[in-house]
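**Q** Sharing coords_5.csv (CSV, C-alpha atoms and all ligand atoms) below.
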```csv
chain,number,residue,atom,x,y,z
A,199,MET,CA,-7.0,-9.6,-9.5
A,200,GLN,CA,-4.6,-6.8,-10.4
A,201,ILE,CA,-5.1,-3.3,-11.7
A,202,SER,CA,-2.6,-2.7,-14.5
A,203,HIS,CA,-3.6,0.8,-15.5
A,204,LEU,CA,-5.5,3.6,-13.8
A,205,ALA,CA,-6.6,6.8,-15.5
A,206,LEU,CA,-8.3,9.6,-13.6
A,207,HIS,CA,-9.9,12.7,-15.0
A,208,ASN,CA,-11.2,15.4,-12.6
A,209,PHE,CA,-11.4,12.9,-9.8
A,210,ARG,CA,-11.0,14.6,-6.4
A,211,CYS,CA,-7.7,16.6,-6.5
A,212,TYR,CA,-6.5,14.8,-9.7
A,213,ARG,CA,-7.0,16.8,-12.9
A,214,GLN,CA,-5.5,14.1,-15.1
A,215,ILE,CA,-3.3,11.1,-14.4
A,216,ASP,CA,-2.4,8.0,-16.3
A,217,LEU,CA,-0.7,5.4,-14.2
A,218,ASP,CA,0.8,2.0,-15.0
A,219,LEU,CA,0.7,-0.3,-12.0
A,220,PRO,CA,3.0,-3.4,-11.6
A,221,PRO,CA,1.9,-6.6,-9.8
A,222,GLY,CA,3.2,-6.9,-6.2
A,223,VAL,CA,3.6,-4.0,-3.9
A,224,SER,CA,3.4,-0.3,-4.9
A,225,ILE,CA,4.1,2.3,-2.2
A,226,PHE,CA,2.8,5.9,-2.6
A,227,VAL,CA,4.4,8.4,-0.3
A,228,GLY,CA,3.2,12.0,0.1
A,229,PRO,CA,2.4,14.6,2.6
A,230,ASN,CA,-1.0,15.3,4.1
A,231,ALA,CA,-3.6,16.4,1.5
A,232,SER,CA,-1.5,15.3,-1.5
A,233,GLY,CA,-4.1,12.8,-2.8
A,234,LYS,CA,-3.2,9.4,-1.2
A,235,THR,CA,-6.6,8.5,0.0
A,236,SER,CA,-8.2,9.8,-3.2
A,237,LEU,CA,-6.0,7.4,-5.3
A,238,LEU,CA,-7.1,4.3,-3.4
A,239,GLU,CA,-10.7,5.6,-3.2
A,240,ALA,CA,-10.7,5.6,-7.0
A,241,VAL,CA,-9.8,2.0,-7.2
A,242,LEU,CA,-12.5,1.1,-4.6
A,243,VAL,CA,-15.1,3.0,-6.6
A,244,LEU,CA,-14.2,0.9,-9.6
A,245,ALA,CA,-14.6,-2.3,-7.5
A,246,THR,CA,-17.8,-1.4,-5.7
A,247,SER,CA,-19.3,1.6,-7.5
A,248,LYS,CA,-19.3,3.5,-4.2
A,249,SER,CA,-16.9,5.6,-2.3
A,250,PRO,CA,-16.0,4.6,1.3
A,251,ARG,CA,-15.9,8.3,2.2
A,252,THR,CA,-19.2,9.7,0.9
A,253,THR,CA,-22.6,8.7,-0.4
A,254,ARG,CA,-22.7,11.8,-2.6
A,255,ASP,CA,-20.9,10.9,-5.9
A,256,ARG,CA,-20.8,14.6,-6.9
A,257,GLU,CA,-18.2,15.2,-4.2
A,258,LEU,CA,-15.8,12.9,-6.1
A,259,VAL,CA,-15.5,15.2,-9.0
A,260,TYR,CA,-12.9,18.0,-9.1
A,261,TRP,CA,-14.4,21.1,-7.4
A,262,THR,CA,-14.8,23.3,-10.5
A,263,ALA,CA,-15.5,20.5,-13.1
A,264,SER,CA,-18.9,19.5,-14.3
A,265,TRP,CA,-17.9,15.9,-14.7
A,266,GLY,CA,-15.0,13.5,-13.9
A,267,SER,CA,-14.1,9.9,-14.7
A,268,ILE,CA,-12.2,6.9,-13.4
A,269,SER,CA,-10.9,4.1,-15.8
A,270,GLY,CA,-9.2,1.0,-14.8
A,271,GLN,CA,-7.7,-1.9,-16.8
A,272,PHE,CA,-7.6,-5.1,-14.7
A,273,ARG,CA,-5.9,-8.4,-15.1
A,274,GLY,CA,-7.5,-11.5,-13.7
A,275,MET,CA,-5.9,-15.0,-13.3
A,276,ASP,CA,-8.1,-16.7,-15.9
A,277,THR,CA,-9.5,-15.0,-18.9
A,278,SER,CA,-11.3,-12.3,-17.0
A,279,SER,CA,-9.5,-9.0,-17.6
A,280,PRO,CA,-12.2,-6.4,-17.3
A,281,SER,CA,-11.8,-2.8,-18.2
A,282,ILE,CA,-14.1,-0.6,-16.1
A,283,ARG,CA,-15.0,3.1,-16.7
A,284,ILE,CA,-17.1,5.2,-14.4
A,285,VAL,CA,-18.2,8.7,-15.4
A,286,LEU,CA,-19.6,11.0,-12.7
A,287,ARG,CA,-21.5,14.3,-12.8
A,288,GLY,CA,-19.9,17.1,-10.7
A,289,ALA,CA,-21.5,19.6,-8.4
A,290,VAL,CA,-20.9,22.4,-10.9
A,291,SER,CA,-23.4,22.4,-13.7
A,292,GLY,CA,-21.5,23.0,-16.9
A,293,ASP,CA,-22.8,23.3,-20.4
A,294,GLU,CA,-24.8,20.2,-21.2
A,295,GLN,CA,-22.9,19.9,-24.5
A,296,ASP,CA,-19.6,19.7,-22.6
A,297,LEU,CA,-20.8,16.5,-20.8
A,298,PRO,CA,-19.8,13.2,-22.3
A,299,SER,CA,-22.7,11.8,-24.3
A,300,VAL,CA,-22.9,8.6,-22.2
A,301,LEU,CA,-23.7,10.6,-19.1
A,302,ASN,CA,-27.4,11.1,-19.1
A,303,GLY,CA,-27.9,10.4,-15.4
A,304,ALA,CA,-25.6,11.2,-12.4
A,305,LYS,CA,-23.3,8.2,-13.0
A,306,HIS,CA,-22.4,6.1,-16.0
A,307,ILE,CA,-20.8,2.7,-15.5
A,308,GLU,CA,-19.2,0.7,-18.2
A,309,VAL,CA,-17.6,-2.8,-18.2
A,310,ASN,CA,-15.6,-3.8,-21.2
A,311,GLY,CA,-17.2,-1.0,-23.2
A,312,VAL,CA,-20.8,-2.1,-22.4
A,313,ARG,CA,-23.1,0.1,-20.3
A,314,CYS,CA,-24.3,-1.4,-17.0
A,315,ASP,CA,-27.9,-0.9,-16.2
A,316,SER,CA,-27.5,-2.0,-12.7
A,317,VAL,CA,-24.6,-1.9,-10.2
A,318,THR,CA,-25.0,-5.6,-9.8
A,319,GLU,CA,-23.3,-5.9,-13.3
A,320,LEU,CA,-20.2,-4.2,-12.0
A,321,VAL,CA,-19.7,-5.3,-8.4
A,322,GLY,CA,-17.6,-8.4,-8.2
A,323,GLN,CA,-15.8,-7.9,-11.5
A,324,ALA,CA,-12.7,-6.5,-9.9
A,325,PRO,CA,-12.8,-7.1,-6.2
A,326,ALA,CA,-10.8,-4.9,-3.8
A,327,VAL,CA,-10.4,-4.5,-0.1
A,328,LEU,CA,-9.6,-1.2,1.5
A,329,PHE,CA,-7.8,-0.8,4.8
A,330,SER,CA,-8.1,2.7,6.2
A,331,PRO,CA,-7.6,4.4,9.6
A,332,ASP,CA,-11.4,4.7,9.7
A,333,ASP,CA,-11.6,0.9,10.0
A,334,LEU,CA,-11.4,1.4,13.8
A,335,GLN,CA,-15.1,2.3,13.5
A,336,LEU,CA,-15.7,-1.3,12.4
A,337,VAL,CA,-15.1,-2.4,15.9
A,338,LYS,CA,-15.9,0.8,17.8
A,339,ALA,CA,-19.1,2.1,16.2
A,340,GLY,CA,-22.7,0.7,16.1
A,341,PRO,CA,-24.0,-2.3,14.2
A,342,ALA,CA,-24.8,-0.4,11.0
A,343,VAL,CA,-21.1,0.0,10.3
A,344,ARG,CA,-20.6,-3.8,10.5
A,345,ARG,CA,-23.6,-4.5,8.4
A,346,ARG,CA,-22.1,-2.2,5.7
A,347,PHE,CA,-18.9,-4.1,6.0
A,348,LEU,CA,-20.7,-7.4,5.5
A,349,ASN,CA,-22.7,-6.0,2.6
A,350,THR,CA,-19.6,-4.7,0.8
A,351,ALA,CA,-17.7,-8.0,1.2
A,352,LEU,CA,-20.7,-10.2,0.3
A,353,ALA,CA,-21.7,-8.1,-2.7
A,354,GLN,CA,-18.2,-8.6,-4.2
A,355,LEU,CA,-18.3,-12.3,-3.4
A,356,MET,CA,-21.7,-13.1,-5.0
A,357,PRO,CA,-23.8,-11.0,-7.4
A,358,ARG,CA,-27.0,-12.6,-6.1
A,359,TYR,CA,-26.3,-11.1,-2.6
A,360,LEU,CA,-26.4,-7.5,-4.0
A,361,ASP,CA,-29.5,-8.3,-6.0
A,362,ASP,CA,-31.2,-9.6,-2.8
A,363,LEU,CA,-30.0,-6.7,-0.8
A,364,LEU,CA,-31.4,-4.1,-3.2
A,365,ARG,CA,-34.8,-6.0,-3.4
A,366,TYR,CA,-34.9,-6.3,0.4
A,367,ARG,CA,-34.3,-2.6,0.9
A,368,ARG,CA,-37.0,-1.8,-1.6
A,369,ALA,CA,-39.5,-4.2,0.1
A,370,LEU,CA,-38.6,-2.7,3.5
A,371,ARG,CA,-39.2,0.8,2.3
A,372,GLN,CA,-42.5,0.0,0.8
A,373,ARG,CA,-43.6,-2.0,3.9
A,374,ASN,CA,-42.6,0.8,6.3
A,375,GLU,CA,-44.5,3.2,4.1
A,376,LEU,CA,-47.6,1.0,4.2
A,377,LEU,CA,-47.3,0.5,8.0
A,378,LYS,CA,-47.3,4.3,8.4
A,379,GLN,CA,-50.4,4.5,6.2
A,380,MET,CA,-52.1,1.8,8.2
A,381,GLN,CA,-51.5,3.7,11.3
A,382,ALA,CA,-53.4,6.6,9.7
A,383,GLY,CA,-56.1,4.2,8.6
A,384,ARG,CA,-55.3,4.8,4.9
A,385,ALA,CA,-54.1,1.2,4.0
A,386,MET,CA,-55.2,-2.3,4.9
A,387,GLY,CA,-53.3,-5.3,6.2
A,388,SER,CA,-53.8,-7.2,2.9
A,389,ASP,CA,-51.7,-4.5,1.1
A,390,LEU,CA,-48.7,-5.6,3.2
A,391,ALA,CA,-48.7,-9.2,2.0
A,392,PRO,CA,-46.7,-9.0,-1.2
A,393,TRP,CA,-44.0,-6.9,0.5
A,394,THR,CA,-43.9,-9.2,3.4
A,395,SER,CA,-43.3,-12.1,1.0
A,396,GLN,CA,-40.5,-10.3,-0.7
A,397,LEU,CA,-38.9,-9.3,2.6
A,398,VAL,CA,-39.1,-12.9,3.8
A,399,GLU,CA,-37.7,-14.4,0.5
A,400,THR,CA,-34.7,-12.0,0.2
A,401,GLY,CA,-34.2,-11.5,3.9
A,402,SER,CA,-33.8,-15.2,4.7
A,403,ARG,CA,-31.3,-15.6,1.9
A,404,ILE,CA,-29.3,-12.5,3.1
A,405,SER,CA,-29.3,-13.9,6.6
A,406,GLY,CA,-28.0,-17.3,5.3
A,407,ASP,CA,-25.2,-15.6,3.4
A,408,ARG,CA,-24.2,-13.5,6.3
A,409,GLN,CA,-24.3,-16.5,8.7
A,410,ASN,CA,-22.0,-18.5,6.5
A,411,PHE,CA,-19.7,-15.6,5.8
A,412,ILE,CA,-19.3,-14.7,9.5
A,413,ALA,CA,-18.5,-18.3,10.3
A,414,ALA,CA,-15.7,-18.3,7.7
A,415,LEU,CA,-14.6,-14.8,8.6
A,416,GLY,CA,-14.5,-15.7,12.3
A,417,GLU,CA,-12.1,-18.6,11.7
A,418,ASP,CA,-9.6,-16.5,9.6
A,419,ALA,CA,-9.9,-13.3,11.7
A,420,GLY,CA,-9.3,-15.4,14.9
A,421,GLN,CA,-6.1,-16.8,13.5
A,422,LEU,CA,-4.9,-13.5,12.1
A,423,HIS,CA,-5.6,-11.7,15.4
A,424,THR,CA,-3.7,-14.3,17.3
A,425,THR,CA,-0.7,-13.7,14.9
A,426,LEU,CA,-0.9,-9.9,15.0
A,427,SER,CA,-1.2,-9.8,18.8
A,428,ASP,CA,1.7,-12.3,19.2
A,429,HIS,CA,-0.5,-15.0,20.6
A,430,SER,CA,-1.7,-12.9,23.5
A,431,GLU,CA,-5.4,-12.3,22.5
A,432,GLN,CA,-8.3,-14.3,21.0
A,433,LEU,CA,-10.8,-12.7,18.7
A,434,THR,CA,-14.2,-14.2,18.1
A,435,LEU,CA,-17.2,-13.2,15.9
A,436,GLN,CA,-20.8,-14.0,16.5
A,437,TYR,CA,-23.8,-13.5,14.2
A,438,ASP,CA,-26.6,-11.8,16.3
A,439,SER,CA,-30.0,-12.0,14.6
A,440,VAL,CA,-33.5,-13.3,15.1
A,441,LEU,CA,-32.5,-15.6,12.3
A,442,ALA,CA,-29.2,-16.7,13.7
A,443,GLY,CA,-28.4,-20.4,14.2
A,444,ILE,CA,-30.8,-21.7,11.5
A,445,ASP,CA,-29.0,-23.6,8.8
A,446,ASP,CA,-32.0,-24.7,6.6
A,447,PRO,CA,-33.0,-22.0,4.2
A,448,ASP,CA,-36.7,-23.0,4.2
A,449,GLU,CA,-36.7,-23.0,8.0
A,450,LYS,CA,-35.1,-19.6,8.1
A,451,ALA,CA,-37.8,-18.2,5.8
A,452,GLU,CA,-40.5,-19.8,8.0
A,453,VAL,CA,-39.0,-18.4,11.2
A,454,PHE,CA,-38.7,-14.9,9.6
A,455,ARG,CA,-42.4,-15.0,8.7
A,456,GLU,CA,-43.4,-16.2,12.2
A,457,GLU,CA,-41.3,-13.5,13.8
A,458,LEU,CA,-42.8,-10.8,11.6
A,459,GLU,CA,-46.3,-12.0,12.6
A,460,ARG,CA,-45.3,-12.0,16.3
A,461,SER,CA,-44.1,-8.5,16.1
A,462,HIS,CA,-47.0,-7.2,14.0
A,463,GLU,CA,-48.6,-5.3,16.8
A,464,GLN,CA,-45.4,-3.5,17.6
A,465,GLU,CA,-44.7,-2.6,14.0
A,466,LEU,CA,-48.2,-1.2,13.7
A,467,HIS,CA,-47.6,0.8,16.8
A,468,ARG,CA,-44.2,2.2,15.6
A,469,GLY,CA,-44.9,2.3,11.9
A,470,ILE,CA,-41.7,0.4,11.0
A,471,THR,CA,-40.6,-3.2,10.5
A,472,VAL,CA,-38.9,-4.0,13.8
A,473,ILE,CA,-37.2,-7.2,13.0
A,474,GLY,CA,-35.1,-8.6,10.1
A,475,PRO,CA,-31.6,-8.5,8.6
A,476,HIS,CA,-31.7,-4.7,8.7
A,477,ARG,CA,-31.3,-5.1,12.4
A,478,ASP,CA,-28.5,-7.7,12.2
A,479,GLU,CA,-25.3,-7.4,14.2
A,480,MET,CA,-21.9,-9.1,14.0
A,481,ALA,CA,-20.6,-9.1,17.5
A,482,VAL,CA,-16.8,-8.8,17.9
A,483,ALA,CA,-15.2,-10.0,21.1
A,484,ILE,CA,-11.6,-10.1,22.4
A,485,ASP,CA,-11.0,-12.8,25.0
A,486,GLY,CA,-14.7,-13.1,25.5
A,487,TYR,CA,-15.4,-9.4,26.1
A,488,ALA,CA,-17.3,-7.1,23.7
A,489,ALA,CA,-14.5,-5.3,21.8
A,490,ARG,CA,-16.7,-2.3,21.2
A,491,GLN,CA,-17.0,-1.6,25.0
A,492,PHE,CA,-13.9,-3.1,26.5
A,493,ALA,CA,-11.0,-3.3,24.1
A,494,SER,CA,-8.2,-0.8,24.1
A,495,GLN,CA,-7.6,1.5,21.1
A,496,GLY,CA,-4.7,-0.7,19.9
A,497,GLN,CA,-6.7,-3.9,20.4
A,498,GLN,CA,-9.6,-2.4,18.4
A,499,ARG,CA,-7.2,-1.4,15.7
A,500,THR,CA,-5.7,-4.8,15.5
A,501,ALA,CA,-9.1,-6.4,15.5
A,502,ALA,CA,-10.2,-4.2,12.6
A,503,LEU,CA,-7.1,-5.2,10.6
A,504,SER,CA,-7.8,-8.9,11.4
A,505,LEU,CA,-11.3,-8.5,10.1
A,506,LYS,CA,-10.2,-6.8,6.9
A,507,LEU,CA,-7.4,-9.3,6.2
A,508,ALA,CA,-9.8,-12.1,6.9
A,509,GLU,CA,-12.3,-10.6,4.4
A,510,ALA,CA,-9.5,-10.6,1.8
A,511,GLN,CA,-8.6,-14.2,2.6
A,512,VAL,CA,-12.2,-15.5,2.5
A,513,MET,CA,-12.6,-13.7,-0.8
A,514,GLN,CA,-9.4,-15.3,-2.1
A,515,LYS,CA,-10.6,-18.8,-1.0
A,516,ARG,CA,-14.1,-18.5,-2.4
A,517,ARG,CA,-13.3,-16.9,-5.7
A,518,GLY,CA,-10.0,-18.7,-6.2
A,519,GLU,CA,-8.4,-15.4,-6.8
A,520,PRO,CA,-7.2,-12.7,-4.3
A,521,PRO,CA,-8.7,-9.2,-4.3
A,522,ILE,CA,-6.6,-6.1,-4.7
A,523,LEU,CA,-5.4,-4.9,-1.3
A,524,LEU,CA,-5.5,-1.2,-0.7
A,525,LEU,CA,-3.7,-0.1,2.5
A,526,ASP,CA,-4.3,3.6,3.3
A,527,ASP,CA,-1.8,4.9,5.8
A,528,CYS,CA,-2.7,2.2,8.2
A,529,LEU,CA,0.7,1.1,9.4
A,530,SER,CA,1.6,4.3,11.2
A,531,GLU,CA,-0.9,3.6,14.0
A,532,LEU,CA,0.5,0.2,14.8
A,533,ASP,CA,3.6,-0.5,16.9
A,534,ALA,CA,6.6,-1.7,15.0
A,535,ALA,CA,6.0,-5.4,15.7
A,536,ARG,CA,2.4,-5.3,14.6
A,537,ALA,CA,3.2,-3.2,11.5
A,538,ALA,CA,6.0,-5.7,10.4
A,539,LYS,CA,3.5,-8.6,10.8
A,540,MET,CA,0.9,-6.8,8.9
A,541,VAL,CA,3.3,-6.1,6.0
A,542,GLU,CA,4.3,-9.8,6.0
A,543,LEU,CA,0.7,-11.0,6.0
A,544,ALA,CA,-0.3,-8.6,3.2
A,545,GLY,CA,2.7,-9.9,1.2
A,546,GLN,CA,0.7,-13.1,0.4
A,547,PHE,CA,-1.6,-11.2,-1.9
A,548,GLU,CA,-1.0,-10.6,-5.6
A,549,GLN,CA,-1.2,-6.8,-5.6
A,550,ILE,CA,-1.1,-4.3,-2.8
A,551,LEU,CA,-1.2,-0.5,-3.1
A,552,ILE,CA,0.1,1.1,0.1
A,553,THR,CA,0.0,4.8,0.9
A,554,SER,CA,2.1,6.5,3.6
A,555,ALA,CA,2.4,10.1,4.8
A,556,GLY,CA,5.9,9.5,6.0
A,557,SER,CA,8.3,7.0,4.6
A,558,SER,CA,7.6,4.4,7.3
A,559,SER,CA,10.6,2.6,8.6
A,560,VAL,CA,8.8,-0.8,8.4
A,561,LEU,CA,8.3,-0.2,4.7
A,562,ARG,CA,11.9,1.0,4.1
A,563,GLU,CA,13.3,-2.0,5.9
A,564,SER,CA,11.0,-4.4,4.1
A,565,ASN,CA,12.8,-3.1,1.0
A,566,TYR,CA,10.3,-4.1,-1.5
A,567,GLY,CA,7.9,-2.7,-4.0
A,568,ALA,CA,7.8,0.1,-6.5
A,569,TRP,CA,7.9,3.5,-4.9
A,570,TYR,CA,6.0,6.6,-6.0
A,571,GLU,CA,5.9,10.2,-4.8
A,572,ILE,CA,2.6,12.0,-4.6
A,573,THR,CA,2.5,15.8,-4.5
A,574,ASP,CA,-0.6,17.9,-5.1
A,575,GLY,CA,-2.5,15.5,-7.3
A,576,ARG,CA,0.6,14.4,-9.3
A,577,ILE,CA,2.3,11.0,-9.1
A,578,ARG,CA,5.9,10.3,-10.0
A,579,PRO,CA,7.8,7.0,-9.8
A,580,GLN,CA,10.8,7.3,-7.5
A,601,LIG,N1,-13.9,17.1,-5.1
A,601,LIG,C1,-12.6,17.6,-4.8
A,601,LIG,N2,-12.0,18.4,-5.8
A,601,LIG,C2,-10.8,18.8,-5.6
A,601,LIG,N3,-10.0,18.5,-4.5
A,601,LIG,C3,-10.6,17.8,-3.5
A,601,LIG,C4,-11.9,17.2,-3.7
A,601,LIG,N4,-12.2,16.5,-2.6
A,601,LIG,C5,-11.1,16.6,-1.8
A,601,LIG,N5,-10.2,17.3,-2.3
A,601,LIG,C6,-8.8,17.7,-1.8
A,601,LIG,O1,-7.9,16.7,-2.3
A,601,LIG,C7,-6.8,16.7,-1.4
A,601,LIG,C8,-6.3,15.3,-1.2
A,601,LIG,O2,-7.1,14.6,-0.3
A,601,LIG,P1,-6.8,13.2,0.2
A,601,LIG,O3,-7.7,12.8,1.2
A,601,LIG,O4,-6.6,12.3,-1.0
A,601,LIG,O5,-5.3,13.5,0.8
A,601,LIG,P2,-4.3,12.5,1.6
A,601,LIG,O6,-3.0,12.5,0.8
A,601,LIG,O7,-4.9,11.2,1.8
A,601,LIG,O8,-4.1,13.2,3.0
A,601,LIG,P3,-3.9,12.7,4.5
A,601,LIG,O9,-2.4,12.3,4.6
A,601,LIG,O10,-4.2,13.9,5.3
A,601,LIG,O11,-4.8,11.6,4.7
A,601,LIG,C9,-7.2,17.5,-0.2
A,601,LIG,O12,-6.6,18.8,-0.2
A,601,LIG,C10,-8.7,17.6,-0.3
A,601,LIG,O13,-9.2,18.8,0.3
A,602,MG,MG,-5.6,10.2,3.5
```
Show me, as structure tokens, the structure contained in the file I just sent.
Ligand SMILES: Nc1ncnc2c1ncn2[C@@H]1O[C@H](COP(=O)(O)OP(=O)(O)OP(=O)(O)O)[C@@H](O)[C@H]1O
Ligand SMILES: [Mg+2]

**A**
Amino acid sequence: MQISHLALHNFRCYRQIDLDLPPGVSIFVGPNASGKTSLLEAVLVLATSKSPRTTRDRELVYWTASWGSISGQFRGMDTSSPSIRIVLRGAVSGDEQDLPSVLNGAKHIEVNGVRCDSVTELVGQAPAVLFSPDDLQLVKAGPAVRRRFLNTALAQLMPRYLDDLLRYRRALRQRNELLKQMQAGRAMGSDLAPWTSQLVETGSRISGDRQNFIAALGEDAGQLHTTLSDHSEQLTLQYDSVLAGIDDPDEKAEVFREELERSHEQELHRGITVIGPHRDEMAVAIDGYAARQFASQGQQRTAALSLKLAEAQVMQKRRGEPPILLLDDCLSELDAARAAKMVELAGQFEQILITSAGSSSVLRESNYGAWYEITDGRIRPQ
């Protein structure tokens, strides 16, 4: 997948830009606070409907504007060349008549000119993978960050996953609400049954998808990490879950139901659902030791890059088409040898957008790509 044109209106620090993007590598160089991350963020919002930096969409709109928009024209390998437009409400409430008529909620999403009623109609249309300095958290932080990584990747891979995830979350919320009411004697066990069924149905599928994905990811990430570390380290992934290691979908559902029953006393006591995919973990180890606790900063960074590159590779294999690679200033933190390998590995993808605060020597030496200069929300080809 490639993005051939990007237009931003009141998005972050950009008032208005219209940018044609070539296939291959594009390199955006600019000082701190010039708009590099915001540019890549815009492409990721088109791909996933969500910003990697915030859950509050209003923050994406230019400070003093009542609305903003992102539009992208994409080019796929076969006939799919979606155009995507997202209109967002800003934090400033302007005159209602100044707002575009399509914007009756907080966010309007459009694919090929047709309004999407659910994000599931958008996600996966134009897949992208973002590499950012924050990726270190993927290895360093708690399990929730890795679950979010799995969710973003899988949602772009298969629409059904996102559908299951949204239904699972709803069932979980309702179930937890009921458990609290049961604690207070205001609800009965029988009220729980329909939500338990939905939790089991969607949760066991989510678990199956994660299990398969982690197996594929582990293989690729292991190879990539070996390459990036010059054959000195071995990276392994493991799916940690009450539902891990069960291949048969019916058996998974059965085990999930049994485990829920087994933990029922505990959930009544605590007023929440204590087991299930919302507690899943993807354990990352380097040479057999938990990377979160024992790996050095450089090793963690390399592991995070391997995971992201592996995500892109698995996406390419499964969809038969590579995602757009977005590299946000992530070479500066690597030593020259690892950075050069990273550029080489990224070169296999169809389109890569790279940002850099300084003109990195690795990028200069690789001597490829279209160069752009970013200053204060303006972008000029060099
Ligand atoms: N909603 C917004 N409206 C206007 N400007 C914003 C908004 N949100 C962030 N900014 C500003 O946009 C500018 C660019 O931010 P961005 O994160 O894209 O910079 P950057 O080039 O990636 O910088 P760095 O090299 O430090 O990572 C910053 O000055 C930031 O404060
Ligand atoms: Mg930045």

**Q** Return as a PyMOL selection string every polymer residue, whether protein, DNA or RNA, with at least one atom no more than 10 Å from an atom of ligand MG 602 (chain A); count only C-alpha atoms and all ligand atoms.

**A** chain A and resi 228-239+330-331+526-528+553-555

**Q** Please provide as a list in words all residues within 7 Å of stretch 252-260 of chain A, with the sequence filter that same-chain residues fewer than 2 positions apart are discarded (counting all atoms listed in the file).

**A** Asn208, Phe209, Arg210, Cys211, Ser249, Pro250, Thr262, Ala263, Trp265, Gly266, Leu286, Arg287, Gly288 and Ala289 of chain A

**Q** Measuring between all atoms listed in the file, which one of A:Phe454, A:Phe411, A:Phe547, A:Tyr437 shows the shortest distance to A:Glu509?

**A** A:Phe411

**Q** Could you jot down the atom CA of A:Glu457 to atom CA of A:Leu376 separation for me, Å, one decimal place?

**A** 18.5 Å

**Q** Need to verify the contact set: A:Arg358, 9 Å, all atoms listed in the file, exclusion of same-chain residues closer than 5 positions in sequence. Can you return it as number ranges by chain?

**A** A: 318, 353, 363

**Q** Of the candidates A:Val321, A:Asn310, A:Leu297, A:Asp216, which one gets nearest to A:Ile268 if we count only C-alpha atoms?

**A**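 Looking at the shortest contact to A:Ile268, the residue is A:Asp216.
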
**Q** Which one of A:Ser388, A:Ser202, A:Ser461, A:Ser504 sits closest to A:Leu426 if you count all atoms listed in the file?

**A** A:Ser504

**Q** Tell me, in Å to one decimal, how far atom CA of A:Ile572 is from atom CA of A:Pro520.

**A** 26.6 Å

**Q** Could you list, as an MDAnalysis selection string, every residue within 9 Å of stretch 394-400 of chain A, counting all atoms listed in the file and ignoring same-chain residues fewer than 4 positions away?

**A** chainID A and resid 359 361:363 365:370 373 390 404:405 450:452 454:455 458 474

**Q** Identify which of the residues A:Phe329, A:Tyr212, A:Tyr570, A:Tyr487 lies closest to ligand LIG 601 (chain A), counting all atoms listed in the file when measuring atom-to-atom distances.

**A** A:Tyr212

**Q** Do you have the atom CA of A:Ala304-atom CA of A:Leu348 distance handy?

**A**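 Value for the atom CA of A:Ala304-atom CA of A:Leu348 distance: 26.3 Å.
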
**Q** Taking into account all atoms listed in the file, which residue in the set A:Leu466, A:Leu422, A:Val309, A:Ala489 is nearest to A:Met386?

**A** A:Leu466

**Q** From the list A:Val512, A:Ile552, A:Val560, A:Ala544, which residue is nearest ligand LIG 601 (chain A) when using all atoms listed in the file?

**A**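 Among the listed residues, A:Ile552 lies closest to ligand LIG 601 (chain A).
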
**Q** Quick one: everything within 9 Å of A:Trp569, counting all atoms listed in the file, minus sequence neighbours fewer than 2 positions away in the same chain. Send it as a PyMOL selection string.

**A** chain A and resi 223-227+566-567+571+578-580

**Q** Could you list, as a PDB file with C-alpha atoms, keeping the file's coordinate frame, every residue within 12 Å of A:Ser316, counting all atoms listed in the file and ignoring same-chain residues fewer than 6 positions away?

**A**
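Okay, this is what ended up in result-v9.pdb:
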```pdb
ATOM      1  CA  THR A 246     -17.800  -1.400  -5.700  1.00  0.00           C
ATOM      2  CA  SER A 247     -19.300   1.600  -7.500  1.00  0.00           C
ATOM      3  CA  LYS A 305     -23.300   8.200 -13.000  1.00  0.00           C
ATOM      4  CA  HIS A 306     -22.400   6.100 -16.000  1.00  0.00           C
ATOM      5  CA  ILE A 307     -20.800   2.700 -15.500  1.00  0.00           C
ATOM      6  CA  GLU A 308     -19.200   0.700 -18.200  1.00  0.00           C
ATOM      7  CA  VAL A 309     -17.600  -2.800 -18.200  1.00  0.00           C
ATOM      8  CA  PRO A 357     -23.800 -11.000  -7.400  1.00  0.00           C
ATOM      9  CA  LEU A 360     -26.400  -7.500  -4.000  1.00  0.00           C
ATOM     10  CA  ASP A 361     -29.500  -8.300  -6.000  1.00  0.00           C
ATOM     11  CA  LEU A 364     -31.400  -4.100  -3.200  1.00  0.00           C
TER      12      LEU A 364
END
```

**Q** At a cut-off of 12 Å around the point (-4.4, -11.3, 21.3) (file coordinates), what residues fall inside when counting only C-alpha atoms? I'd like the answer as number ranges by chain.

**A** A: 419-434, 483-486, 489, 493-494, 496-501, 504, 536
